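Q: One structure is given below, represented as structure tokens, and several questions about it will come after.
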Amino acid sequence: QLQLAESGGGLVQPGGSLRLSCAASGESLDYYAIGWFRQAPGKGREGVSCMSVRGISTNYADSVKGRFAISRHNAKNTVFLQMDSLEPVDAAVYYCAAVYSYTSTCELWADRYSYWGQGTQVTVSS
């Protein structure tokens, strides 16, 4: 059974950076597409970024394009989300998610994903 654990959240000033990690255990991520999602208080879960199996393709929400970057380290069975130029609107609980995939694409729809981590809090404030 695949298990995911996020880390790296915290408090950062506007314009700052954070790198979130999503460490997988139980199975290799080689055949999973990975997504990062976020949920702010009172709002629905929003897709932020995703990467297909073997990193063939990536997608980003328009709101984070040019500021966030998703990557994966296969040997560590870990996926990262580098977040730069953070803004107060980026504050949320960030979740990583995974879905077993046969395709070279990924989607930012939460209901496509089968496995979820517990989330890590990102706060952007001066």
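Numbering starts fresh at 1 for the residues of each chain in the structure tokens, the chains themselves are lettered A, B, ... in the order given, and ligands are numbered from 1 as they appear.
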Counting only C-alpha atoms, what is within 9 Å of A:Phe80, bar same-chain residues fewer than 6 positions away, as a list in words?

A: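 What passes the distance filter is Arg19, Leu20, Ser21, Cys22, Ala23, Ala69, Ile70, Ser71, Arg72 and His73 of chain A.
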
Q: Could you save the residues just selected, with N, CA and C atoms, as a tab-separated table (two decimals), in the first residue's frame?

A:
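This is the output file again_27.tsv:
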chain	number	residue	atom	x	y	z
A	19	ARG	N	10.47	24.72	-0.12
A	19	ARG	CA	10.46	23.51	-0.92
A	19	ARG	C	9.74	22.43	-0.14
A	20	LEU	N	8.65	21.97	-0.71
A	20	LEU	CA	7.90	20.89	-0.10
A	20	LEU	C	8.39	19.55	-0.62
A	21	SER	N	8.36	18.56	0.25
A	21	SER	CA	8.74	17.21	-0.13
A	21	SER	C	7.56	16.27	0.10
A	22	CYS	N	7.47	15.28	-0.75
A	22	CYS	CA	6.46	14.23	-0.62
A	22	CYS	C	7.20	12.90	-0.71
A	23	ALA	N	7.40	12.29	0.43
A	23	ALA	CA	8.14	11.03	0.49
A	23	ALA	C	7.17	9.86	0.43
A	69	ALA	N	7.76	24.88	-9.17
A	69	ALA	CA	8.34	23.85	-10.02
A	69	ALA	C	8.25	22.50	-9.33
A	70	ILE	N	7.74	21.51	-10.04
A	70	ILE	CA	7.63	20.16	-9.51
A	70	ILE	C	8.78	19.32	-10.05
A	71	SER	N	9.29	18.44	-9.22
A	71	SER	CA	10.36	17.55	-9.65
A	71	SER	C	10.26	16.26	-8.86
A	72	ARG	N	10.96	15.26	-9.32
A	72	ARG	CA	10.96	13.98	-8.62
A	72	ARG	C	12.35	13.40	-8.58
A	73	HIS	N	12.67	12.76	-7.48
A	73	HIS	CA	13.96	12.10	-7.30
A	73	HIS	C	13.64	10.61	-7.18

Q: Which polymer residues have any atom within 10 Å of an atom of A:Ala61, counting only C-alpha atoms, with same-chain residues fewer than 3 positions away left out, as a list in words?

A: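 With the cut-off at 10 Å, the set is Phe37, Glu46, Gly47, Val48, Ser49, Cys50, Val64, Lys65, Phe68 and Leu108 of chain A.
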
Q: Let me make sure I understand: among A:Val79, A:Leu4, A:Leu86, A:Ile56, which one has the smallest atom-to-atom distance to A:Gly119 if we use only C-alpha atoms?

A: A:Leu4

Q: Show which residues sit within 7 Å of A:Thr120, as a ChimeraX atom specification. Count only C-alpha atoms, and ignore same-chain residues fewer than 3 positions away.

A: /A:6-7,9,93-95

Q: Got time to write the residues from that selection, C-alpha atoms, as a PDB file, in the first residue's frame?

A:
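Wrote result_24.pdb, looks like this:
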ATOM      1  CA  GLU A   6       4.575  15.722   3.050  1.00  0.00           C
ATOM      2  CA  SER A   7       7.090  17.945   4.785  1.00  0.00           C
ATOM      3  CA  GLY A   9       5.845  23.649   5.123  1.00  0.00           C
ATOM      4  CA  VAL A  93      -2.488  23.252   3.520  1.00  0.00           C
ATOM      5  CA  TYR A  94      -0.579  21.541   0.720  1.00  0.00           C
ATOM      6  CA  TYR A  95      -1.185  17.909  -0.088  1.00  0.00           C
TER       7      TYR A  95
END

Q: Could you pull out the helix (DSSP H, G or I) residues of chain A, going by DSSP on the backbone, and write them as an MDAnalysis selection string?

A: chainID A and resid 29:31 53:55 74:76 88:90 110:112

Q: For the selection you just gave me, I'd like the residues written to a file as a JSON list (two decimals), in the first residue's frame, keeping N, CA and C atoms.

A:
[["chain", "number", "residue", "atom", "x", "y", "z"],
["A", 29, "LEU", "N", 7.32, 4.96, -6.72],
["A", 29, "LEU", "CA", 6.52, 5.95, -7.44],
["A", 29, "LEU", "C", 6.70, 5.88, -8.96],
["A", 30, "ASP", "N", 7.49, 4.94, -9.41],
["A", 30, "ASP", "CA", 7.83, 4.89, -10.84],
["A", 30, "ASP", "C", 6.61, 4.87, -11.75],
["A", 31, "TYR", "N", 5.53, 4.21, -11.30],
["A", 31, "TYR", "CA", 4.36, 4.08, -12.17],
["A", 31, "TYR", "C", 3.18, 4.89, -11.66],
["A", 53, "VAL", "N", 4.00, 9.91, -14.90],
["A", 53, "VAL", "CA", 4.98, 8.88, -14.63],
["A", 53, "VAL", "C", 6.28, 9.18, -15.34],
["A", 54, "ARG", "N", 7.36, 8.88, -14.67],
["A", 54, "ARG", "CA", 8.72, 9.08, -15.19],
["A", 54, "ARG", "C", 8.98, 10.54, -15.58],
["A", 55, "GLY", "N", 8.18, 11.45, -15.11],
["A", 55, "GLY", "CA", 8.41, 12.87, -15.35],
["A", 55, "GLY", "C", 8.27, 13.29, -16.79],
["A", 74, "ASN", "N", 13.84, 9.89, -8.25],
["A", 74, "ASN", "CA", 13.41, 8.49, -8.27],
["A", 74, "ASN", "C", 14.13, 7.65, -7.23],
["A", 75, "ALA", "N", 15.42, 7.85, -7.07],
["A", 75, "ALA", "CA", 16.17, 7.03, -6.12],
["A", 75, "ALA", "C", 15.69, 7.23, -4.69],
["A", 76, "LYS", "N", 15.20, 8.45, -4.38],
["A", 76, "LYS", "CA", 14.69, 8.74, -3.05],
["A", 76, "LYS", "C", 13.20, 8.49, -2.93],
["A", 88, "PRO", "N", 0.75, 35.96, -0.22],
["A", 88, "PRO", "CA", -0.22, 35.58, 0.82],
["A", 88, "PRO", "C", -1.33, 34.67, 0.31],
["A", 89, "VAL", "N", -1.71, 34.79, -0.95],
["A", 89, "VAL", "CA", -2.78, 33.94, -1.50],
["A", 89, "VAL", "C", -2.33, 32.50, -1.66],
["A", 90, "ASP", "N", -1.03, 32.24, -1.55],
["A", 90, "ASP", "CA", -0.53, 30.86, -1.63],
["A", 90, "ASP", "C", -0.67, 30.12, -0.30],
["A", 110, "ALA", "N", -8.55, 16.63, -8.40],
["A", 110, "ALA", "CA", -8.31, 15.87, -7.18],
["A", 110, "ALA", "C", -8.96, 14.49, -7.22],
["A", 111, "ASP", "N", -10.12, 14.38, -7.85],
["A", 111, "ASP", "CA", -10.82, 13.09, -7.82],
["A", 111, "ASP", "C", -10.16, 12.03, -8.69],
["A", 112, "ARG", "N", -9.11, 12.41, -9.41],
["A", 112, "ARG", "CA", -8.36, 11.42, -10.20],
["A", 112, "ARG", "C", -7.35, 10.66, -9.34]]

Q: Could you jot down the atom CA of A:Glu107 to atom CA of A:Gly35 separation for me, Å, one decimal place?

A: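 Going from atom CA of A:Glu107 over to atom CA of A:Gly35, I get 7.7 Å.
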
Q: Of the residues A:Ala40, A:Leu2, A:Val124, A:Ala91, which is the one nearest to A:Ala24, using only C-alpha atoms?

A: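 Closest to A:Ala24, using only C-alpha atoms: A:Leu2.
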
Q: Give me, please, the distance in Å between atom CA of A:Gln82 and atom CA of A:Leu18, quoted to one decimal.

A: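 Atom-to-atom, atom CA of A:Gln82 and atom CA of A:Leu18 are spaced 6.2 Å apart.
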
Q: Between atom CA of A:Gln3 and atom CA of A:Ser25, what is the distance, to one decimal in Å?

A: 5.2 Å

Q: Could you name the residues that touch A:Ala33 at 7 Å or less, counting only C-alpha atoms, but leaving out those on the same chain fewer than 4 positions away, as a list in words?

A: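 Those residues are Met51, Ser52, Val53, Ala98, Val99, Tyr100, Ser101 and Cys106 of chain A.
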
Q: Mind checking DSSP for chain A and telling me the strand (DSSP E) residues as an MDAnalysis selection string?

A: chainID A and resid 3:7 10:12 18:25 32:39 46:51 58:60 68:73 78:83 92:100 115:116 120:124

Q: Return the single residue from A:Thr58, A:Cys96, A:Ser63, A:Trp109 that is closest to A:Gly44, with distances computed using only C-alpha atoms.

A: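 Checking each of A:Thr58, A:Cys96, A:Ser63, A:Trp109 against A:Gly44, counting only C-alpha atoms, the winner is A:Trp109.
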
Q: Within 8 Å of A:Ser126, counting only C-alpha atoms, which residues qualify if same-chain residues fewer than 3 places away don't, as a list in words?

A: Val12, Gln13 and Pro14 of chain A
